[in-house]
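This is entry17.cif (mmCIF, C-alpha atoms; chains and numbers go by the auth columns).
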data_upload
loop_
_atom_site.group_PDB
_atom_site.id
_atom_site.type_symbol
_atom_site.label_atom_id
_atom_site.label_comp_id
_atom_site.label_asym_id
_atom_site.label_seq_id
_atom_site.Cartn_x
_atom_site.Cartn_y
_atom_site.Cartn_z
_atom_site.B_iso_or_equiv
_atom_site.auth_seq_id
_atom_site.auth_asym_id
ATOM 1 C CA GLN A 1 126.370 123.831 87.132 0.00 19 J
ATOM 2 C CA VAL A 2 124.393 120.732 88.042 0.00 20 J
ATOM 3 C CA GLN A 3 120.716 120.957 87.256 0.00 21 J
ATOM 4 C CA LEU A 4 117.798 118.760 88.189 0.00 22 J
ATOM 5 C CA VAL A 5 114.558 119.841 86.546 0.00 23 J
ATOM 6 C CA GLU A 6 111.279 118.272 87.627 0.00 24 J
ATOM 7 C CA SER A 7 108.094 118.345 85.601 0.00 25 J
ATOM 8 C CA GLY A 8 104.703 116.678 85.489 0.00 26 J
ATOM 9 C CA GLY A 9 103.096 118.044 88.611 0.00 27 J
ATOM 10 C CA GLY A 10 99.591 119.419 88.651 0.00 28 J
ATOM 11 C CA LEU A 11 96.076 119.108 90.006 0.00 29 J
ATOM 12 C CA VAL A 12 94.402 115.709 89.983 0.00 30 J
ATOM 13 C CA GLN A 13 91.353 114.179 91.611 0.00 31 J
ATOM 14 C CA ALA A 14 91.675 111.535 94.277 0.00 32 J
ATOM 15 C CA GLY A 15 92.163 108.146 92.694 0.00 33 J
ATOM 16 C CA GLY A 16 93.893 109.633 89.691 0.00 34 J
ATOM 17 C CA SER A 17 97.422 109.291 88.382 0.00 35 J
ATOM 18 C CA LEU A 18 100.374 111.496 87.581 0.00 36 J
ATOM 19 C CA THR A 19 103.894 110.849 86.374 0.00 37 J
ATOM 20 C CA LEU A 20 106.706 113.134 87.451 0.00 38 J
ATOM 21 C CA SER A 21 109.952 113.404 85.510 0.00 39 J
ATOM 22 C CA CYS A 22 113.327 114.739 86.563 0.00 40 J
ATOM 23 C CA VAL A 23 116.022 115.442 84.006 0.00 41 J
ATOM 24 C CA ALA A 24 119.578 115.783 85.262 0.00 42 J
ATOM 25 C CA SER A 25 122.368 117.644 83.567 0.00 43 J
ATOM 26 C CA ARG A 26 126.098 118.038 84.189 0.00 44 J
ATOM 27 C CA ILE A 27 126.385 114.904 86.296 0.00 45 J
ATOM 28 C CA ILE A 28 127.378 111.363 85.451 0.00 46 J
ATOM 29 C CA PHE A 29 123.823 110.228 86.011 0.00 47 J
ATOM 30 C CA SER A 30 124.562 106.530 86.296 0.00 48 J
ATOM 31 C CA HIS A 31 126.814 107.166 89.291 0.00 49 J
ATOM 32 C CA TYR A 32 124.011 108.606 91.378 0.00 50 J
ATOM 33 C CA VAL A 33 121.271 107.187 93.526 0.00 51 J
ATOM 34 C CA MET A 34 118.179 109.123 92.526 0.00 52 J
ATOM 35 C CA GLY A 35 115.473 109.953 95.005 0.00 53 J
ATOM 36 C CA TRP A 36 112.068 111.530 95.236 0.00 54 J
ATOM 37 C CA TYR A 37 111.109 113.501 98.317 0.00 55 J
ATOM 38 C CA ARG A 38 108.055 115.540 99.173 0.00 56 J
ATOM 39 C CA GLN A 39 107.148 118.319 101.526 0.00 57 J
ATOM 40 C CA ALA A 40 103.618 119.199 102.494 0.00 58 J
ATOM 41 C CA PRO A 41 102.756 122.578 104.038 0.00 59 J
ATOM 42 C CA GLY A 42 103.827 122.717 107.661 0.00 60 J
ATOM 43 C CA LYS A 43 105.584 119.358 107.477 0.00 61 J
ATOM 44 C CA GLN A 44 109.149 118.188 107.099 0.00 62 J
ATOM 45 C CA ARG A 45 110.483 116.940 103.830 0.00 63 J
ATOM 46 C CA GLU A 46 110.101 113.165 103.631 0.00 64 J
ATOM 47 C CA LEU A 47 111.525 110.440 101.474 0.00 65 J
ATOM 48 C CA VAL A 48 109.145 108.973 98.921 0.00 66 J
ATOM 49 C CA ALA A 49 111.349 106.640 96.884 0.00 67 J
ATOM 50 C CA THR A 50 114.909 105.957 95.843 0.00 68 J
ATOM 51 C CA ILE A 51 116.369 104.066 92.934 0.00 69 J
ATOM 52 C CA THR A 52 119.917 102.878 92.368 0.00 70 J
ATOM 53 C CA SER A 53 121.733 102.935 89.071 0.00 71 J
ATOM 54 C CA GLY A 54 120.878 99.294 88.573 0.00 72 J
ATOM 55 C CA GLY A 55 117.201 99.912 89.166 0.00 73 J
ATOM 56 C CA GLY A 56 116.806 98.732 92.729 0.00 74 J
ATOM 57 C CA ALA A 57 114.035 100.757 94.307 0.00 75 J
ATOM 58 C CA ASN A 58 112.809 101.454 97.821 0.00 76 J
ATOM 59 C CA TYR A 59 109.603 103.157 98.854 0.00 77 J
ATOM 60 C CA ALA A 60 108.095 104.841 101.856 0.00 78 J
ATOM 61 C CA ASP A 61 105.402 102.707 103.437 0.00 79 J
ATOM 62 C CA SER A 62 102.826 105.389 102.673 0.00 80 J
ATOM 63 C CA VAL A 63 103.276 104.981 98.909 0.00 81 J
ATOM 64 C CA LYS A 64 104.091 101.275 98.539 0.00 82 J
ATOM 65 C CA GLY A 65 101.855 99.635 96.006 0.00 83 J
ATOM 66 C CA ARG A 66 100.752 102.986 94.564 0.00 84 J
ATOM 67 C CA PHE A 67 103.950 104.690 93.393 0.00 85 J
ATOM 68 C CA THR A 68 106.696 103.316 91.173 0.00 86 J
ATOM 69 C CA THR A 69 110.011 104.927 90.345 0.00 87 J
ATOM 70 C CA SER A 70 112.106 104.160 87.297 0.00 88 J
ATOM 71 C CA ARG A 71 115.101 105.663 85.551 0.00 89 J
ATOM 72 C CA ASP A 72 116.616 105.934 82.112 0.00 90 J
ATOM 73 C CA ASN A 73 120.372 106.262 82.430 0.00 91 J
ATOM 74 C CA VAL A 74 120.742 107.141 78.750 0.00 92 J
ATOM 75 C CA LYS A 75 118.318 110.044 79.029 0.00 93 J
ATOM 76 C CA SER A 76 119.553 111.032 82.514 0.00 94 J
ATOM 77 C CA THR A 77 115.953 110.981 83.660 0.00 95 J
ATOM 78 C CA VAL A 78 114.174 109.549 86.659 0.00 96 J
ATOM 79 C CA TYR A 79 110.415 109.072 86.857 0.00 97 J
ATOM 80 C CA LEU A 80 107.846 108.775 89.597 0.00 98 J
ATOM 81 C CA HIS A 81 104.644 107.099 88.498 0.00 99 J
ATOM 82 C CA MET A 82 101.913 107.867 91.004 0.00 100 J
ATOM 83 C CA ASN A 83 98.638 105.934 91.005 0.00 101 J
ATOM 84 C CA SER A 84 95.613 105.904 93.305 0.00 102 J
ATOM 85 C CA LEU A 85 96.512 109.364 94.512 0.00 103 J
ATOM 86 C CA LYS A 86 95.121 110.554 97.818 0.00 104 J
ATOM 87 C CA PRO A 87 94.646 114.079 99.190 0.00 105 J
ATOM 88 C CA GLU A 88 97.431 113.364 101.669 0.00 106 J
ATOM 89 C CA ASP A 89 99.829 112.989 98.734 0.00 107 J
ATOM 90 C CA THR A 90 99.499 116.731 98.161 0.00 108 J
ATOM 91 C CA ALA A 91 102.976 118.250 98.446 0.00 109 J
ATOM 92 C CA VAL A 92 105.866 119.753 96.581 0.00 110 J
ATOM 93 C CA TYR A 93 107.849 116.862 95.114 0.00 111 J
ATOM 94 C CA TYR A 94 111.613 117.174 94.845 0.00 112 J
ATOM 95 C CA CYS A 95 114.126 115.198 92.857 0.00 113 J
ATOM 96 C CA ASN A 96 117.466 114.343 94.480 0.00 114 J
ATOM 97 C CA ALA A 97 120.715 113.024 93.078 0.00 115 J
ATOM 98 C CA ARG A 98 123.200 111.729 95.608 0.00 116 J
ATOM 99 C CA ILE A 99 126.465 109.885 95.862 0.00 117 J
ATOM 100 C CA ASN A 100 127.531 111.208 99.255 0.00 118 J
ATOM 101 C CA THR A 101 127.461 114.430 101.278 0.00 119 J
ATOM 102 C CA PHE A 102 129.689 116.183 98.764 0.00 120 J
ATOM 103 C CA PHE A 103 127.712 115.104 95.717 0.00 121 J
ATOM 104 C CA ASP A 104 124.144 115.778 96.736 0.00 122 J
ATOM 105 C CA TYR A 105 121.876 117.837 94.479 0.00 123 J
ATOM 106 C CA TRP A 106 118.235 118.934 94.516 0.00 124 J
ATOM 107 C CA GLY A 107 115.710 120.076 91.985 0.00 125 J
ATOM 108 C CA GLN A 108 113.455 123.080 92.427 0.00 126 J
ATOM 109 C CA GLY A 109 110.359 120.992 93.103 0.00 127 J
ATOM 110 C CA THR A 110 107.025 120.491 91.401 0.00 128 J
ATOM 111 C CA GLN A 111 103.633 120.895 93.040 0.00 129 J
ATOM 112 C CA VAL A 112 101.227 117.974 93.198 0.00 130 J
ATOM 113 C CA THR A 113 97.727 118.721 94.443 0.00 131 J
ATOM 114 C CA VAL A 114 95.166 115.966 94.939 0.00 132 J
ATOM 115 C CA SER A 115 91.595 117.084 95.406 0.00 133 J
ATOM 116 C CA SER A 116 89.046 115.020 97.315 0.00 134 J
#
Encoded form using structure tokens:
Amino acid sequence: QVQLVESGGGLVQAGGSLTLSCVASRIIFSHYVMGWYRQAPGKQRELVATITSGGGANYADSVKGRFTTSRDNVKSTVYLHMNSLKPEDTAVYYCNARINTFFDYWGQGTQVTVSS
């Protein structure tokens, strides 16, 4: 069974930093585009960042310049480095691994709370 396990969430003050990790198992990690999504209370899940196997990354406008995603294909791990955090970044952050509709997996999520 495919597993994506996120870690690194927590409570941080505005302006602080956190790094999330997502470890994948039972997939050929290098074949997948990895993504980070988030969902705040009462809001739809939104894309935060994606990264291809070769390291090409894209970001939501709301996090550009503050968040960076990276991956280690040997360790089957993707990271989300979050700097200059704002209260509006508060959400549950989810890891996603996707090739297409048939190969599309999600982690259980990790809570990030930014206090003002």
Rounded to one decimal in Å, what is the spacing between CA of Tyr97 in chain J and CA of Asn118 in chain J?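 Between these atoms lies a distance of 21.2 Å.
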Name every residue that the PyMOL selection byres ((chain J and resi 59) around 12) selects in this structure, writing the answer as a short mmCIF file (atom, residue, chain, number, x, y, z; two decimals) with C-alpha atoms, keeping the file's coordinate frame with chains first and numbers rising.
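Below is the file that was written, result15.cif:
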data_model
loop_
_atom_site.label_atom_id
_atom_site.label_comp_id
_atom_site.auth_asym_id
_atom_site.auth_seq_id
_atom_site.Cartn_x
_atom_site.Cartn_y
_atom_site.Cartn_z
CA ARG J 56 108.06 115.54 99.17
CA GLN J 57 107.15 118.32 101.53
CA ALA J 58 103.62 119.20 102.49
CA GLY J 60 103.83 122.72 107.66
CA LYS J 61 105.58 119.36 107.48
CA GLN J 62 109.15 118.19 107.10
CA ARG J 63 110.48 116.94 103.83
CA GLU J 64 110.10 113.16 103.63
CA GLU J 106 97.43 113.36 101.67
CA ASP J 107 99.83 112.99 98.73
CA THR J 108 99.50 116.73 98.16
CA ALA J 109 102.98 118.25 98.45
CA VAL J 110 105.87 119.75 96.58
CA TYR J 111 107.85 116.86 95.11
CA GLN J 129 103.63 120.90 93.04
CA VAL J 130 101.23 117.97 93.20
CA THR J 131 97.73 118.72 94.44
#
Point (115.0, 102.3, 88.4), cut-off 8 Å, counting all atoms listed in the file, residues as a list in words: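 Protein and nucleic acid residues near the point are Ile69, Thr70, Ser71, Gly72, Gly73, Gly74, Ala75, Thr87, Ser88, Arg89, Asp90 and Val96 of chain J.
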Any chance you could export the current selection's C-alpha atoms as a PDB file, keeping the file's coordinate frame?
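Dumped to again.pdb:
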ATOM      1  CA  ILE J  69     116.369 104.066  92.934  1.00  0.00           C
ATOM      2  CA  THR J  70     119.917 102.878  92.368  1.00  0.00           C
ATOM      3  CA  SER J  71     121.733 102.935  89.071  1.00  0.00           C
ATOM      4  CA  GLY J  72     120.878  99.294  88.573  1.00  0.00           C
ATOM      5  CA  GLY J  73     117.201  99.912  89.166  1.00  0.00           C
ATOM      6  CA  GLY J  74     116.806  98.732  92.729  1.00  0.00           C
ATOM      7  CA  ALA J  75     114.035 100.757  94.307  1.00  0.00           C
ATOM      8  CA  THR J  87     110.011 104.927  90.345  1.00  0.00           C
ATOM      9  CA  SER J  88     112.106 104.160  87.297  1.00  0.00           C
ATOM     10  CA  ARG J  89     115.101 105.663  85.551  1.00  0.00           C
ATOM     11  CA  ASP J  90     116.616 105.934  82.112  1.00  0.00           C
ATOM     12  CA  VAL J  96     114.174 109.549  86.659  1.00  0.00           C
TER      13      VAL J  96
END
Here is a test: counting all atoms listed in the file, which residue of J:Tyr112, J:Trp54, J:Tyr77, J:Trp124 is nearest to Leu98 in chain J?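 Ranked by minimum distance to Leu98 in chain J, first place goes to J:Trp54.
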Apply the PyMOL selection byres ((chain J and resi 41) around 8) to the file shown and report the selected residues as a PyMOL selection string. chain J and resi 21-24+39-40+42-43+93-96
Name the closest residue to Thr119 in chain J among the candidates J:Asn91, J:Gly34, J:Tyr50, J:Met100; distances are taken between atoms, counting only C-alpha atoms. J:Tyr50
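Put simply, the PyMOL selection byres ((chain J and resi 122) around 12) on this file hits J:Val20, J:Gln21, J:Leu22, J:Ile45, J:His49, J:Tyr50, J:Val51, J:Met52, J:Gly53, J:Cys113, J:Asn114, J:Ala115, J:Arg116, J:Ile117, J:Asn118, J:Thr119, J:Phe120, J:Phe121, J:Tyr123, J:Trp124, J:Gly125.
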Go ahead and write the residues just picked, C-alpha atoms, as a compact mmCIF listing (two decimals), in the frame of the given file.
# COMPACT_ATOMS: atom_id res chain seq x y z
CA VAL J 20 124.39 120.73 88.04
CA GLN J 21 120.72 120.96 87.26
CA LEU J 22 117.80 118.76 88.19
CA ILE J 45 126.38 114.90 86.30
CA HIS J 49 126.81 107.17 89.29
CA TYR J 50 124.01 108.61 91.38
CA VAL J 51 121.27 107.19 93.53
CA MET J 52 118.18 109.12 92.53
CA GLY J 53 115.47 109.95 95.00
CA CYS J 113 114.13 115.20 92.86
CA ASN J 114 117.47 114.34 94.48
CA ALA J 115 120.72 113.02 93.08
CA ARG J 116 123.20 111.73 95.61
CA ILE J 117 126.46 109.88 95.86
CA ASN J 118 127.53 111.21 99.26
CA THR J 119 127.46 114.43 101.28
CA PHE J 120 129.69 116.18 98.76
CA PHE J 121 127.71 115.10 95.72
CA TYR J 123 121.88 117.84 94.48
CA TRP J 124 118.24 118.93 94.52
CA GLY J 125 115.71 120.08 91.98
Give me the residues near Lys104 in chain J as a list of chain:residue names, where near means some atom within 12 Å (using only C-alpha atoms) and where sequence neighbours in that chain fewer than 6 positions away do not count. J:Leu29, J:Val30, J:Gln31, J:Ala32, J:Gly33, J:Gly34, J:Ser35, J:Leu36, J:Ser80, J:Val81, J:Arg84, J:Phe85, J:Val130, J:Thr131, J:Val132, J:Ser133, J:Ser134
Interatomic distance (Å, one decimal) between CA of Gly26 in chain J and CA of Gln126 in chain J: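 Computed distance, CA of Gly26 in chain J to CA of Gln126 in chain J, equals 12.9 Å.
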Using all atoms listed in the file, determine which residues lie at most 10 Å from Lys82 in chain J, disregarding the query and same-chain residues fewer than 6 positions distant; provide the list as a list in words.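 Answer for this query is Val66, Ala67 and Asn76 of chain J.
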Take CA of Gly28 in chain J and CA of Thr128 in chain J and report the distance between them in Å, one decimal.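 Here the two named atoms are 8.0 Å from each other.
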